[in-house]
file target_28.txt (compact mmCIF, C-alpha atoms and all ligand atoms)
# COMPACT_ATOMS: atom_id res chain seq x y z
CA LYS A 27 129.76 17.66 10.29
CA PRO A 28 127.44 20.53 9.22
CA ARG A 29 129.13 23.25 7.20
CA VAL A 30 127.40 26.11 8.98
CA SER A 31 127.32 26.16 12.77
CA ALA A 32 124.06 25.33 14.50
CA ARG A 33 124.20 28.67 16.29
CA LEU A 34 124.16 30.64 13.03
CA SER A 35 121.94 28.25 11.10
CA ALA A 36 119.24 29.07 13.62
CA ILE A 37 119.24 32.77 12.70
CA ALA A 38 116.44 33.85 10.40
CA GLU A 39 116.89 36.47 7.72
CA SER A 40 115.61 39.88 8.81
CA ALA A 41 112.01 39.72 7.52
CA THR A 42 111.68 43.46 7.38
CA LEU A 43 114.82 43.88 5.28
CA ALA A 44 113.62 41.01 3.06
CA VAL A 45 110.27 42.66 2.35
CA ASP A 46 111.99 45.95 1.66
CA ALA A 47 114.47 44.24 -0.70
CA LYS A 48 111.68 42.43 -2.58
CA ALA A 49 109.76 45.69 -3.04
CA LYS A 50 112.88 47.55 -4.19
CA ALA A 51 113.73 44.76 -6.66
CA LEU A 52 110.22 44.85 -8.17
CA LYS A 53 110.46 48.62 -8.39
CA ALA A 54 113.84 48.39 -10.12
CA ALA A 55 112.23 45.99 -12.61
CA GLY A 56 109.79 48.75 -13.49
CA ARG A 57 106.79 47.63 -11.44
CA PRO A 58 104.74 50.40 -9.75
CA VAL A 59 105.31 48.90 -6.31
CA ILE A 60 104.51 50.87 -3.18
CA GLY A 61 106.56 49.77 -0.20
CA PHE A 62 105.35 50.07 3.38
CA GLY A 63 108.18 47.89 4.63
CA ALA A 64 110.79 50.55 5.26
CA GLY A 65 112.04 51.17 8.76
CA GLU A 66 113.62 54.49 7.90
CA PRO A 67 112.66 58.14 7.51
CA ASP A 68 112.25 59.16 3.88
CA PHE A 69 113.90 62.53 4.60
CA PRO A 70 117.49 63.44 3.74
CA THR A 71 120.03 63.81 6.55
CA PRO A 72 120.09 67.50 7.64
CA GLU A 73 122.57 69.59 5.69
CA TYR A 74 124.63 70.72 8.73
CA VAL A 75 125.23 67.07 9.57
CA VAL A 76 126.39 66.25 6.05
CA GLU A 77 128.69 69.29 6.10
CA ALA A 78 130.29 68.14 9.33
CA ALA A 79 130.96 64.78 7.70
CA VAL A 80 132.52 66.38 4.62
CA ALA A 81 134.86 68.43 6.82
CA ALA A 82 135.66 65.33 8.86
CA ALA A 83 136.57 63.35 5.75
CA LYS A 84 139.15 66.01 4.86
CA ASP A 85 140.74 65.96 8.30
CA PRO A 86 143.61 63.44 8.40
CA ALA A 87 142.94 62.89 12.10
CA ASN A 88 139.90 60.90 10.99
CA HIS A 89 141.83 58.69 8.61
CA ARG A 90 143.18 56.46 11.36
CA TYR A 91 141.87 54.09 14.01
CA SER A 92 140.30 55.84 16.95
CA PRO A 93 139.33 54.44 20.38
CA ALA A 94 136.99 51.44 20.05
CA LYS A 95 134.69 53.01 22.64
CA GLY A 96 133.99 56.06 20.49
CA LEU A 97 135.35 59.59 20.01
CA PRO A 98 135.51 61.34 23.40
CA ASP A 99 133.70 64.41 22.01
CA LEU A 100 130.81 62.28 20.81
CA ARG A 101 130.54 60.40 24.11
CA GLU A 102 130.47 63.78 25.93
CA ALA A 103 127.78 65.01 23.54
CA VAL A 104 125.69 61.86 24.08
CA ALA A 105 125.95 62.38 27.85
CA ALA A 106 124.81 66.01 27.44
CA LYS A 107 121.98 64.97 25.12
CA THR A 108 120.83 62.35 27.62
CA LEU A 109 120.57 65.01 30.31
CA ARG A 110 118.71 67.32 27.93
CA ASP A 111 116.27 64.74 26.54
CA SER A 112 115.96 62.13 29.28
CA GLY A 113 116.51 64.27 32.36
CA TYR A 114 119.22 62.35 34.19
CA GLU A 115 122.98 62.58 34.38
CA VAL A 116 125.38 60.08 32.91
CA SER A 117 129.13 60.30 32.51
CA ALA A 118 130.77 60.12 29.07
CA ASP A 119 132.61 57.09 30.50
CA ASP A 120 129.28 55.25 30.64
CA VAL A 121 128.70 55.67 26.89
CA LEU A 122 129.86 53.22 24.21
CA VAL A 123 129.45 54.31 20.58
CA THR A 124 128.29 51.45 18.35
CA ASN A 125 127.68 50.69 14.67
CA GLY A 126 124.05 51.64 14.77
CA GLY A 127 121.57 50.83 17.48
CA LYS A 128 121.64 47.29 16.15
CA GLN A 129 125.14 46.60 17.41
CA ALA A 130 124.14 48.09 20.76
CA VAL A 131 121.23 45.62 20.91
CA TYR A 132 123.54 42.70 20.18
CA GLN A 133 126.20 43.80 22.65
CA ALA A 134 123.73 44.54 25.43
CA PHE A 135 122.32 41.01 25.36
CA ALA A 136 125.79 39.50 24.89
CA THR A 137 127.00 41.33 27.97
CA VAL A 138 124.34 40.37 30.51
CA VAL A 139 122.72 37.14 29.28
CA GLU A 140 124.13 33.76 30.38
CA PRO A 141 123.19 30.59 28.50
CA GLY A 142 119.81 29.47 29.85
CA ASP A 143 118.77 32.89 31.13
CA GLU A 144 115.26 33.97 30.27
CA VAL A 145 114.54 37.31 28.66
CA LEU A 146 111.01 38.71 28.86
CA LEU A 147 110.08 40.12 25.47
CA PRO A 148 106.88 42.15 25.11
CA THR A 149 105.29 40.87 21.90
CA PRO A 150 104.84 42.02 19.10
CA TYR A 151 108.57 42.71 19.18
CA TRP A 152 111.17 44.09 16.80
CA THR A 153 112.55 41.20 14.70
CA THR A 154 116.15 41.60 15.82
CA TYR A 155 115.60 41.02 19.56
CA PRO A 156 114.90 37.25 19.64
CA GLU A 157 117.77 36.51 17.27
CA THR A 158 120.27 38.41 19.38
CA ILE A 159 118.90 36.86 22.58
CA ALA A 160 119.39 33.40 21.03
CA LEU A 161 122.92 34.29 19.93
CA ALA A 162 123.71 35.13 23.55
CA GLY A 163 122.37 31.71 24.57
CA GLY A 164 119.31 33.22 26.20
CA ARG A 165 115.74 32.01 26.00
CA THR A 166 113.09 34.43 24.79
CA VAL A 167 109.88 34.42 26.81
CA GLU A 168 107.21 36.22 24.82
CA VAL A 169 104.69 38.30 26.73
CA PHE A 170 101.91 39.04 24.29
CA ALA A 171 99.74 42.14 24.22
CA GLY A 172 97.24 42.33 21.36
CA ALA A 173 95.30 45.13 19.72
CA ASP A 174 92.66 44.91 22.47
CA GLN A 175 95.23 46.22 24.97
CA ASP A 176 96.88 48.66 22.54
CA TYR A 177 99.91 46.36 22.39
CA LEU A 178 100.96 47.38 25.93
CA VAL A 179 101.93 44.63 28.38
CA THR A 180 100.94 44.93 32.03
CA VAL A 181 102.93 44.25 35.18
CA GLU A 182 100.52 41.37 35.89
CA GLN A 183 101.44 39.73 32.59
CA LEU A 184 105.15 40.21 33.23
CA GLU A 185 104.80 38.80 36.74
CA ALA A 186 102.98 35.74 35.39
CA ALA A 187 105.90 35.11 33.01
CA ARG A 188 108.62 35.62 35.62
CA THR A 189 110.61 32.61 36.84
CA ASP A 190 113.81 32.30 38.84
CA ARG A 191 115.67 32.18 35.50
CA THR A 192 114.40 35.59 34.41
CA LYS A 193 117.37 37.86 33.96
CA VAL A 194 116.27 40.67 31.64
CA LEU A 195 113.22 42.59 30.46
CA LEU A 196 113.42 44.23 27.05
CA PHE A 197 111.55 47.54 27.03
CA ASN A 198 110.91 49.43 23.79
CA SER A 199 108.76 52.57 23.91
CA PRO A 200 107.84 53.94 21.41
CA SER A 201 107.65 50.47 19.93
CA ASN A 202 108.68 49.05 16.62
CA PRO A 203 106.48 47.42 15.23
CA THR A 204 103.33 48.67 16.97
CA GLY A 205 103.98 52.38 17.54
CA ALA A 206 102.67 51.90 21.09
CA VAL A 207 103.99 54.24 23.81
CA TYR A 208 103.81 53.41 27.51
CA SER A 209 102.48 56.18 29.77
CA ALA A 210 104.66 57.60 32.55
CA GLU A 211 102.65 55.59 35.10
CA GLN A 212 102.95 52.33 33.16
CA THR A 213 106.66 52.90 32.62
CA GLU A 214 107.23 53.53 36.30
CA ALA A 215 105.18 50.51 37.35
CA ILE A 216 107.12 48.23 35.02
CA GLY A 217 110.47 49.71 36.04
CA ARG A 218 109.66 49.39 39.72
CA TRP A 219 108.54 45.78 39.27
CA ALA A 220 111.81 44.96 37.47
CA TYR A 221 113.87 46.68 40.13
CA GLU A 222 112.09 44.89 42.96
CA HIS A 223 112.77 41.51 41.36
CA GLY A 224 116.37 42.24 40.41
CA ILE A 225 115.56 42.00 36.70
CA TRP A 226 117.76 43.94 34.29
CA VAL A 227 116.05 46.33 31.92
CA ILE A 228 117.41 46.80 28.42
CA THR A 229 115.56 49.86 27.18
CA ASP A 230 115.56 50.69 23.47
CA GLU A 231 114.79 54.41 23.15
CA ILE A 232 115.64 54.91 19.50
CA TYR A 233 112.20 56.38 18.66
CA GLU A 234 112.20 58.73 21.68
CA HIS A 235 111.53 61.89 19.65
CA LEU A 236 108.83 60.47 17.39
CA THR A 237 105.62 60.75 19.39
CA TYR A 238 102.25 62.30 18.54
CA ASP A 239 98.95 63.51 20.03
CA GLY A 240 100.82 65.18 22.88
CA VAL A 241 102.00 61.78 24.10
CA THR A 242 105.63 61.58 25.27
CA ALA A 243 107.81 58.58 26.04
CA THR A 244 109.17 58.37 29.58
CA PRO A 245 112.77 57.16 29.92
CA ILE A 246 112.49 54.24 32.32
CA GLN A 247 115.61 55.31 34.23
CA ARG A 248 114.10 58.71 34.85
CA ALA A 249 110.92 57.05 36.15
CA VAL A 250 112.91 54.64 38.36
CA PRO A 251 116.40 56.03 39.06
CA GLU A 252 117.20 52.95 41.20
CA LEU A 253 117.52 51.02 37.93
CA ARG A 254 120.78 52.80 37.19
CA GLU A 255 122.98 49.80 38.06
CA THR A 256 120.81 47.22 36.31
CA SER A 257 119.72 48.83 33.09
CA ILE A 258 121.20 49.51 29.67
CA VAL A 259 119.93 52.29 27.44
CA LEU A 260 120.07 51.75 23.66
CA ASN A 261 119.79 54.68 21.28
CA GLY A 262 121.17 56.18 18.09
CA VAL A 263 120.91 58.87 15.44
CA ALA A 264 119.15 56.80 12.76
CA LYS A 265 115.51 57.69 13.34
CA THR A 266 115.81 61.13 14.97
CA TYR A 267 118.08 62.67 12.33
CA ALA A 268 117.24 60.56 9.27
CA MET A 269 120.68 58.94 9.49
CA THR A 270 120.02 55.23 8.99
CA GLY A 271 122.88 54.86 6.52
CA TRP A 272 125.51 56.43 8.74
CA ARG A 273 125.46 53.59 11.28
CA VAL A 274 125.89 55.33 14.61
CA GLY A 275 124.22 54.28 17.82
CA TRP A 276 125.24 53.93 21.43
CA MET A 277 124.65 52.08 24.65
CA ILE A 278 124.72 53.62 28.11
CA GLY A 279 125.13 51.43 31.15
CA PRO A 280 126.93 50.71 34.40
CA ARG A 281 130.72 50.88 34.25
CA ASP A 282 131.36 47.09 34.31
CA VAL A 283 128.84 46.46 31.52
CA ILE A 284 130.25 49.19 29.30
CA LYS A 285 133.77 47.91 29.93
CA ALA A 286 132.82 44.35 28.94
CA ALA A 287 130.85 45.48 25.88
CA THR A 288 133.77 47.69 24.81
CA ASN A 289 136.10 44.71 25.03
CA LEU A 290 133.73 42.73 22.81
CA GLN A 291 133.46 45.58 20.32
CA SER A 292 137.26 46.01 20.27
CA HIS A 293 137.48 42.53 18.75
CA LEU A 294 134.33 42.71 16.67
CA THR A 295 134.43 46.02 14.80
CA SER A 296 136.81 48.44 16.61
CA ASN A 297 135.75 52.07 16.29
CA VAL A 298 132.71 53.20 14.35
CA ALA A 299 133.78 55.07 11.15
CA ASN A 300 135.21 58.40 12.32
CA VAL A 301 133.43 60.39 9.62
CA SER A 302 130.09 58.97 10.77
CA GLN A 303 130.94 59.73 14.37
CA ARG A 304 131.70 63.36 13.49
CA ALA A 305 128.37 63.55 11.66
CA ALA A 306 126.61 62.10 14.70
CA LEU A 307 128.41 64.63 16.90
CA ALA A 308 126.98 67.47 14.80
CA ALA A 309 123.55 65.87 14.99
CA VAL A 310 123.32 65.30 18.74
CA SER A 311 124.99 68.64 19.56
CA GLY A 312 122.48 70.51 17.41
CA ASP A 313 118.85 71.27 18.10
CA LEU A 314 115.80 69.12 17.42
CA SER A 315 114.31 71.20 14.62
CA ALA A 316 114.91 68.59 11.92
CA VAL A 317 113.01 65.93 13.85
CA ALA A 318 110.23 68.44 14.56
CA THR A 319 109.76 68.88 10.81
CA MET A 320 109.73 65.12 10.21
CA ARG A 321 107.34 64.60 13.09
CA GLU A 322 104.84 66.97 11.54
CA ALA A 323 104.88 65.03 8.25
CA PHE A 324 104.74 61.64 9.98
CA ASP A 325 101.84 62.81 12.11
CA ARG A 326 99.84 63.86 9.06
CA ARG A 327 100.53 60.55 7.29
CA ARG A 328 99.77 58.58 10.42
CA ARG A 329 96.29 60.12 10.61
CA THR A 330 95.64 59.42 6.94
CA MET A 331 96.79 55.84 7.26
CA VAL A 332 94.83 55.06 10.43
CA GLN A 333 91.70 56.58 8.95
CA MET A 334 92.02 54.69 5.63
CA LEU A 335 92.86 51.35 7.25
CA SER A 336 90.03 51.68 9.76
CA ALA A 337 87.60 51.99 6.87
CA ILE A 338 88.38 48.43 5.77
CA ASP A 339 85.94 45.82 7.00
CA GLY A 340 87.77 43.27 9.18
CA VAL A 341 90.76 45.52 9.94
CA THR A 342 91.28 46.95 13.45
CA VAL A 343 93.90 49.65 14.04
CA PRO A 344 94.77 50.89 17.52
CA THR A 345 95.99 54.47 17.05
CA PRO A 346 99.78 54.41 17.32
CA HIS A 347 101.26 57.30 19.30
CA GLY A 348 104.91 56.83 18.39
CA ALA A 349 107.56 55.72 15.87
CA PHE A 350 106.32 55.59 12.24
CA TYR A 351 104.35 52.37 12.01
CA THR A 352 100.74 51.29 12.15
CA TYR A 353 100.04 47.73 13.23
CA PRO A 354 96.54 46.75 12.14
CA SER A 355 94.99 43.47 13.20
CA VAL A 356 93.74 41.69 10.07
CA GLU A 357 92.18 38.75 11.86
CA GLY A 358 88.78 39.77 10.50
CA VAL A 359 90.08 39.45 6.93
CA LEU A 360 91.76 36.03 7.23
CA GLY A 361 89.66 33.18 5.89
CA ARG A 362 87.90 35.45 3.41
CA THR A 363 88.24 34.62 -0.29
CA ILE A 364 89.96 37.41 -2.18
CA ARG A 365 90.41 37.09 -5.94
CA GLY A 366 90.12 33.34 -5.73
CA ARG A 367 92.56 32.90 -2.85
CA THR A 368 91.82 32.40 0.83
CA PRO A 369 94.65 33.59 3.06
CA THR A 370 94.57 32.09 6.54
CA THR A 371 97.71 33.73 7.89
CA SER A 372 99.01 37.29 7.73
CA ALA A 373 102.05 36.01 5.79
CA GLU A 374 99.72 34.67 3.08
CA LEU A 375 97.74 37.91 3.11
CA ALA A 376 100.91 40.01 2.73
CA GLU A 377 101.96 37.85 -0.21
CA LEU A 378 98.54 38.23 -1.81
CA ILE A 379 98.66 42.02 -1.35
CA LEU A 380 102.09 42.19 -2.97
CA GLU A 381 101.16 39.97 -5.88
CA GLU A 382 97.69 41.34 -6.58
CA VAL A 383 98.12 45.08 -6.02
CA GLU A 384 101.88 45.48 -5.78
CA VAL A 385 101.94 46.86 -2.27
CA ALA A 386 104.60 45.62 0.18
CA VAL A 387 103.70 45.24 3.85
CA VAL A 388 105.41 43.20 6.57
CA PRO A 389 103.37 40.33 8.03
CA GLY A 390 102.93 39.96 11.79
CA GLU A 391 104.90 36.71 11.69
CA ALA A 392 108.07 38.84 11.57
CA PHE A 393 107.21 40.27 14.99
CA GLY A 394 105.37 37.47 16.76
CA PRO A 395 102.05 35.78 16.04
CA SER A 396 100.16 35.83 12.76
CA GLY A 397 97.14 38.08 12.38
CA TYR A 398 98.75 41.50 11.89
CA LEU A 399 100.48 43.65 9.31
CA ARG A 400 103.06 46.35 9.85
CA LEU A 401 102.88 49.39 7.60
CA SER A 402 105.46 52.13 7.84
CA TYR A 403 104.21 55.64 7.13
CA ALA A 404 107.68 56.94 6.39
CA LEU A 405 106.88 57.55 2.74
CA GLY A 406 105.41 60.35 0.66
CA ASP A 407 101.76 61.37 1.19
CA GLU A 408 100.70 60.52 -2.35
CA ASP A 409 102.30 57.09 -2.38
CA LEU A 410 100.81 56.42 1.02
CA ALA A 411 97.29 57.25 -0.07
CA GLU A 412 97.70 55.31 -3.32
CA GLY A 413 99.11 52.24 -1.54
CA VAL A 414 96.51 52.06 1.21
CA GLY A 415 93.87 52.80 -1.41
CA ARG A 416 94.94 49.70 -3.33
CA ILE A 417 94.66 47.60 -0.17
CA GLN A 418 91.20 49.06 0.48
CA GLU A 419 90.08 48.09 -3.01
CA LEU A 420 91.55 44.61 -2.78
CA LEU A 421 89.90 43.88 0.56
CA ALA A 422 86.60 45.63 -0.16
N1 LIG B 1 115.84 49.50 17.73
C1 LIG B 1 114.69 49.51 17.06
C2 LIG B 1 113.42 49.28 17.80
C3 LIG B 1 114.68 49.70 15.67
O1 LIG B 1 113.52 49.72 15.01
C4 LIG B 1 115.90 49.89 15.00
C5 LIG B 1 115.93 50.02 13.52
O2 LIG B 1 115.06 49.60 12.80
C6 LIG B 1 117.08 49.88 15.75
C7 LIG B 1 117.01 49.68 17.11
C8 LIG B 1 118.45 50.01 15.17
O3 LIG B 1 118.64 51.05 14.32
P1 LIG B 1 120.07 51.34 13.71
O4 LIG B 1 120.90 50.12 13.81
O5 LIG B 1 119.81 51.75 12.32
O6 LIG B 1 120.64 52.47 14.54
call {"tool": "encode", "arguments": {"input": "target_28.txt", "output": "structure tokens", "more": "lines below"}}
Ligand code: PLP
result
Amino acid sequence: KPRVSARLSAIAESATLAVDAKAKALKAAGRPVIGFGAGEPDFPTPEYVVEAAVAAAKDPANHRYSPAKGLPDLREAVAAKTLRDSGYEVSADDVLVTNGGKQAVYQAFATVVEPGDEVLLPTPYWTTYPETIALAGGRTVEVFAGADQDYLVTVEQLEAARTDRTKVLLFNSPSNPTGAVYSAEQTEAIGRWAYEHGIWVITDEIYEHLTYDGVTATPIQRAVPELRETSIVLNGVAKTYAMTGWRVGWMIGPRDVIKAATNLQSHLTSNVANVSQRAALAAVSGDLSAVATMREAFDRRRRTMVQMLSAIDGVTVPTPHGAFYTYPSVEGVLGRTIRGRTPTTSAELAELILEEVEVAVVPGEAFGPSGYLRLSYALGDEDLAEGVGRIQELLA
């Protein structure tokens, strides 16, 4: 009998974390590596949030187990924040606090997907989705939108992929990895289509506050309130408040779904660390000035990166309007001989870039088909210019 179960043997290592780890290891070994792999803001967590955590650590009330579902104050604050930012009312009872948005992703699929169910996944997709869908026994159905359509899938494409086994649509706007943001009209059309066909919508809104060029993301439940009973909202503090290390996210959904997911979590992890929850409470109860500051820096770096990448022959970059990633198509570079090597896939190109000029980027294979690279612009302006400059030189 195999030592490791088939279910877990099928899970791939997170490619984004792997690239980041490789870059950090090279850096630790003294190499002047520039890493574009990171999926996290390079800013510190705001001081008032850290102070709330310090106070919480000193309060014995936080030294014990708390309800698996989350601290009542935090669930109330998430409900209030949802009304403020998304424009619709939810009850604190409909909120489950999770160990990062990642656990919310896992639990959402685990709650509504039956073995054999199909999940429509707009592609390129964030690496974690297909793995969690598979763990739930579901079948991922990729719906691909390339650079020529700004990485935005259409209702027609979704309809063509729909079968009587389709249970869920995953919606992620702003998107990781592409930075694409659906317009209000597109969001409504997709939401209405899902509602009309009885398809659940799992909507990952973790990058909600990181949008540029006057573009805003439309919460799909605000666009189509009828989705209330068949959608699950995923969110967290990681990207908005530079709190990736604190591990606090949440899911919002219909009462039966939240109850079932809470039962799962009560056996899996119990409550999220109380100190982190108190920090998250300070974050979501406060204003959005910290994210406004980050947004300004990200916006500046985004423009620099798009402009520098566009200058490379064979590279096409749709302008991303959200998150902190650019997703250039490098199809025009593949097959070209660069320093004696001829990469034919984006994975080979990423390896070449790392080895030749010590710049770490994530290949498209981590998010769907080959032919693309993901570069995060959540790093300092100088490093960014230096890193993209090295890629320009290499591919010139
Ligand atoms: N959803 C998306 C699209 C993400 O990119 C991430 C993090 O990279 C998450 C969810 C989860 O973030 P966390 O678990 O750090 O809250």
call {"tool": "atom_distance", "arguments": {"input": "target_28.txt", "atom1": "atom CA of A:Leu236", "atom2": "atom CA of A:Met334"}}
result
21.3 Å
call {"tool": "atom_distance", "arguments": {"input": "target_28.txt", "atom1": "atom CA of A:Ala83", "atom2": "atom CA of A:Gln303"}}
result
10.9 Å
call {"tool": "atom_distance", "arguments": {"input": "target_28.txt", "atom1": "atom CA of A:Ala32", "atom2": "atom CA of A:Gln133"}}
result
20.3 Å
call {"tool": "residues_around", "arguments": {"input": "target_28.txt", "residues": "stretch 137-140 of chain A", "least_positions_apart": "3", "cutoff": "9 Å", "atoms": "all atoms listed in the file", "output": "ChimeraX atom specification"}}
result
/A:132-134,143-145,159,162-164,193-194,226,283-284,286-287,290
call {"tool": "closest_atom_pairs", "arguments": {"input": "target_28.txt", "of": "chain A", "to": "ligand LIG 1 (chain B)", "cutoff": "9 Å", "atoms": "all atoms listed in the file", "output": "JSON lines"}}
result
{"residue": "A:Thr42", "atom": "CA", "partner": "B:LIG1", "partner_atom": "O2", "distance": 8.9}
{"residue": "A:Ala64", "atom": "CA", "partner": "B:LIG1", "partner_atom": "O2", "distance": 8.7}
{"residue": "A:Gly65", "atom": "CA", "partner": "B:LIG1", "partner_atom": "O2", "distance": 5.3}
{"residue": "A:Glu66", "atom": "CA", "partner": "B:LIG1", "partner_atom": "O2", "distance": 7.1}
{"residue": "A:Thr124", "atom": "CA", "partner": "B:LIG1", "partner_atom": "O6", "distance": 8.6}
{"residue": "A:Asn125", "atom": "CA", "partner": "B:LIG1", "partner_atom": "O4", "distance": 6.9}
{"residue": "A:Gly126", "atom": "CA", "partner": "B:LIG1", "partner_atom": "O6", "distance": 3.5}
{"residue": "A:Gly127", "atom": "CA", "partner": "B:LIG1", "partner_atom": "O6", "distance": 3.5}
{"residue": "A:Lys128", "atom": "CA", "partner": "B:LIG1", "partner_atom": "O4", "distance": 3.7}
{"residue": "A:Gln129", "atom": "CA", "partner": "B:LIG1", "partner_atom": "O4", "distance": 6.6}
{"residue": "A:Ala130", "atom": "CA", "partner": "B:LIG1", "partner_atom": "O4", "distance": 7.9}
{"residue": "A:Val131", "atom": "CA", "partner": "B:LIG1", "partner_atom": "C7", "distance": 7.0}
{"residue": "A:Tyr151", "atom": "CA", "partner": "B:LIG1", "partner_atom": "C2", "distance": 8.3}
{"residue": "A:Trp152", "atom": "CA", "partner": "B:LIG1", "partner_atom": "C2", "distance": 5.7}
{"residue": "A:Thr153", "atom": "CA", "partner": "B:LIG1", "partner_atom": "O1", "distance": 8.6}
{"residue": "A:Thr154", "atom": "CA", "partner": "B:LIG1", "partner_atom": "N1", "distance": 8.1}
{"residue": "A:Tyr155", "atom": "CA", "partner": "B:LIG1", "partner_atom": "N1", "distance": 8.7}
{"residue": "A:Asn198", "atom": "CA", "partner": "B:LIG1", "partner_atom": "C2", "distance": 6.5}
{"residue": "A:Ser199", "atom": "CA", "partner": "B:LIG1", "partner_atom": "C2", "distance": 8.4}
{"residue": "A:Pro200", "atom": "CA", "partner": "B:LIG1", "partner_atom": "C2", "distance": 8.1}
{"residue": "A:Ser201", "atom": "CA", "partner": "B:LIG1", "partner_atom": "C2", "distance": 6.3}
{"residue": "A:Asn202", "atom": "CA", "partner": "B:LIG1", "partner_atom": "C2", "distance": 4.9}
{"residue": "A:Pro203", "atom": "CA", "partner": "B:LIG1", "partner_atom": "O1", "distance": 7.4}
{"residue": "A:Asp230", "atom": "CA", "partner": "B:LIG1", "partner_atom": "N1", "distance": 5.9}
{"residue": "A:Glu231", "atom": "CA", "partner": "B:LIG1", "partner_atom": "N1", "distance": 7.4}
{"residue": "A:Ile232", "atom": "CA", "partner": "B:LIG1", "partner_atom": "N1", "distance": 5.7}
{"residue": "A:Tyr233", "atom": "CA", "partner": "B:LIG1", "partner_atom": "C2", "distance": 7.3}
{"residue": "A:Leu260", "atom": "CA", "partner": "B:LIG1", "partner_atom": "C7", "distance": 7.5}
{"residue": "A:Asn261", "atom": "CA", "partner": "B:LIG1", "partner_atom": "C7", "distance": 7.1}
{"residue": "A:Gly262", "atom": "CA", "partner": "B:LIG1", "partner_atom": "O6", "distance": 5.2}
{"residue": "A:Val263", "atom": "CA", "partner": "B:LIG1", "partner_atom": "O6", "distance": 6.5}
{"residue": "A:Ala264", "atom": "CA", "partner": "B:LIG1", "partner_atom": "O6", "distance": 4.9}
{"residue": "A:Lys265", "atom": "CA", "partner": "B:LIG1", "partner_atom": "O5", "distance": 7.4}
{"residue": "A:Met269", "atom": "CA", "partner": "B:LIG1", "partner_atom": "O5", "distance": 7.8}
{"residue": "A:Thr270", "atom": "CA", "partner": "B:LIG1", "partner_atom": "O5", "distance": 4.8}
{"residue": "A:Gly271", "atom": "CA", "partner": "B:LIG1", "partner_atom": "O5", "distance": 7.3}
{"residue": "A:Trp272", "atom": "CA", "partner": "B:LIG1", "partner_atom": "O5", "distance": 8.2}
{"residue": "A:Arg273", "atom": "CA", "partner": "B:LIG1", "partner_atom": "O6", "distance": 5.9}
{"residue": "A:Val274", "atom": "CA", "partner": "B:LIG1", "partner_atom": "O6", "distance": 6.0}
{"residue": "A:Gly275", "atom": "CA", "partner": "B:LIG1", "partner_atom": "O6", "distance": 5.2}
{"residue": "A:Trp276", "atom": "CA", "partner": "B:LIG1", "partner_atom": "O6", "distance": 8.4}
{"residue": "A:Ala349", "atom": "CA", "partner": "B:LIG1", "partner_atom": "O1", "distance": 8.5}
call {"tool": "closest_residue", "arguments": {"input": "target_28.txt", "among": "A:Ala44, A:Arg304, A:Ala318, A:Ala422", "to": "A:Thr363", "atoms": "only C-alpha atoms"}}
result
A:Ala422
call {"tool": "residues_around", "arguments": {"input": "target_28.txt", "residues": "A:Leu146", "least_positions_apart": "6", "cutoff": "9 Å", "atoms": "all atoms listed in the file", "output": "list in words"}}
result
Arg165, Thr166, Val167, Glu168, Val169, Leu184, Ala187, Arg188, Thr192, Lys193, Val194, Leu195 and Leu196 of chain A
call {"tool": "closest_residue", "arguments": {"input": "target_28.txt", "among": "A:Val59, A:Leu52, A:Ala386, A:Val359", "to": "A:Ser402", "atoms": "all atoms listed in the file"}}
result
A:Ala386
call {"tool": "closest_residue", "arguments": {"input": "target_28.txt", "among": "A:Pro346, A:Asp282, A:Pro141, A:Ala118", "to": "A:Gly96", "atoms": "only C-alpha atoms"}}
result
A:Ala118
call {"tool": "residues_around", "arguments": {"input": "target_28.txt", "residues": "A:Val317", "least_positions_apart": "6", "cutoff": "10 Å", "atoms": "all atoms listed in the file", "output": "list in words"}}
result
Phe69, Pro72, His235, Leu236, Lys265, Thr266, Tyr267, Ala268 and Ala323 of chain A
call {"tool": "residues_around", "arguments": {"input": "target_28.txt", "residues": "A:Ala103", "least_positions_apart": "4", "cutoff": "8 Å", "atoms": "all atoms listed in the file", "output": "MDAnalysis selection string"}}
result
chainID A and resid 99 107 118 307 310:311
call {"tool": "residues_around", "arguments": {"input": "target_28.txt", "residues": "stretch 238-242 of chain A", "least_positions_apart": "6", "cutoff": "9 Å", "atoms": "only C-alpha atoms", "output": "ChimeraX atom specification"}}
result
/A:200,207-210,321-322,324-325,346-349
call {"tool": "build_atoms", "arguments": {"input": "target_28.txt", "residues": "stretch 108-113 of chain A", "atoms": "N, CA and C atoms", "output": "tab-separated table (two decimals), keeping the file's coordinate frame"}}
result
chain	number	residue	atom	x	y	z
A	108	THR	N	121.64	63.19	26.72
A	108	THR	CA	120.83	62.35	27.62
A	108	THR	C	120.26	63.19	28.75
A	109	LEU	N	121.08	64.11	29.27
A	109	LEU	CA	120.57	65.01	30.31
A	109	LEU	C	119.47	65.90	29.74
A	110	ARG	N	119.70	66.43	28.55
A	110	ARG	CA	118.71	67.32	27.93
A	110	ARG	C	117.39	66.59	27.63
A	111	ASP	N	117.48	65.42	27.03
A	111	ASP	CA	116.27	64.74	26.54
A	111	ASP	C	115.65	63.78	27.54
A	112	SER	N	116.48	63.17	28.38
A	112	SER	CA	115.96	62.13	29.28
A	112	SER	C	115.91	62.59	30.73
A	113	GLY	N	116.64	63.67	31.04
A	113	GLY	CA	116.51	64.27	32.36
A	113	GLY	C	117.32	63.61	33.46
